[in-house]
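Working notes, beginning with the structure itself.
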Amino acid sequence: MPLPRLAAAIGIAAFAATSYSATLTPPPGSPVPVNGTAGVKGTSAWVKLTGGKSGDVYPWHVHVGMCGTNGPVFGDASAYKPITISSAGKGDSKATLSMALPDTGSYYVNIHASSSDMKTIVSCGNLTKGM
């Protein structure tokens, strides 16, 4: 019996990871012009930035909610490795999440000013389905 029919016959639902993407832009009054893109697929999250000064380090997280809502971090905050800006003015990072984002709900990516200033957001983007 072909695998799809076999799965249906025994009641196994096929799972396809939902992809999310975001365009990151500085909020009004941001102290640093940091722009970028971010995405999540399955348990993999990534972010790419432009802006900032060489050597700047920016913590980042996927949050529950929408930009500006101060929602909780999705998963373990320590899974998100900070982004270091290169001499070319770019930086990127990846994270492995403990579970995939649910298909329902709202999510966003925040870029924080520094590890000592997590309240100041230098860039944010709402995640939308599809990449």
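So you can find residues: chains in the structure tokens are A, B, ... in the order shown, residues in each start at 1, and ligands are numbered from 1 in order.
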Open item on the list: as number ranges by chain, please: the residues near region 34-50 of chain A (cut-off 9 Å, only C-alpha atoms, same-chain neighbours under 2 positions excluded).
Closed with: A: 16-26, 30, 32, 52, 60, 62, 80, 83, 85, 88-101, 109, 111, 122-125, 127-128, 131
TODO: Give me every strand (DSSP E) residue in region 8-124 of chain A, going by DSSP on the backbone, as a ChimeraX atom specification.
DONE: /A:19-24,35-41,44-50,57-58,60-64,83-84,90-96,107-114,117-124
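Taking CA of Ser106 (chain A) and CA of Thr69 (chain A) as endpoints, the distance between them is 10.8 Å.
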TODO: Name all residues at most 6 Å from His112 (chain A) (count only C-alpha atoms; drop same-chain ones fewer than 6 positions away) and give them as a ChimeraX atom specification.
DONE: /A:58-60,118,120-122
Could you please take those selected residues and save N, CA and C atoms as an mmCIF file, in the first residue's frame?
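Generated file (part_1.cif):
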```cif
data_model
loop_
_atom_site.group_PDB
_atom_site.id
_atom_site.type_symbol
_atom_site.label_atom_id
_atom_site.label_comp_id
_atom_site.auth_asym_id
_atom_site.auth_seq_id
_atom_site.Cartn_x
_atom_site.Cartn_y
_atom_site.Cartn_z
ATOM 1 N N TYR A 58 23.671 42.328 18.974
ATOM 2 C CA TYR A 58 22.245 42.493 19.220
ATOM 3 C C TYR A 58 21.595 41.164 19.594
ATOM 4 N N PRO A 59 21.029 41.085 20.809
ATOM 5 C CA PRO A 59 20.207 39.919 21.147
ATOM 6 C C PRO A 59 18.918 39.961 20.331
ATOM 7 N N TRP A 60 18.337 38.800 20.083
ATOM 8 C CA TRP A 60 17.084 38.721 19.333
ATOM 9 C C TRP A 60 16.271 37.539 19.834
ATOM 10 N N MET A 118 17.753 45.240 27.244
ATOM 11 C CA MET A 118 16.787 44.399 26.537
ATOM 12 C C MET A 118 15.445 45.107 26.345
ATOM 13 N N THR A 120 15.071 48.283 25.146
ATOM 14 C CA THR A 120 15.096 49.100 23.936
ATOM 15 C C THR A 120 15.116 48.195 22.712
ATOM 16 N N ILE A 121 14.132 48.387 21.833
ATOM 17 C CA ILE A 121 14.021 47.600 20.604
ATOM 18 C C ILE A 121 14.570 48.446 19.455
ATOM 19 N N VAL A 122 15.562 47.892 18.733
ATOM 20 C CA VAL A 122 16.140 48.637 17.615
ATOM 21 C C VAL A 122 15.547 48.212 16.270
#
```
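Straight-line separation from CA of Ser86 (chain A) to CA of Val57 (chain A): 9.7 Å.
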Open item on the list: Please return, as a count of residues only, all residues of chain A that DSSP assigns to helix (DSSP H, G or I) on the basis of the backbone.
Closed with: 10
Task: Å distance separating CA of Phe74 (chain A) from CA of Ser54 (chain A), one decimal place - done: 28.4 Å
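Residue nearest Val64 (chain A) within the list A:Thr84, A:Thr104, A:Ser115, A:Ser78: A:Thr104 [criterion: smallest interatomic distance, only C-alpha atoms].
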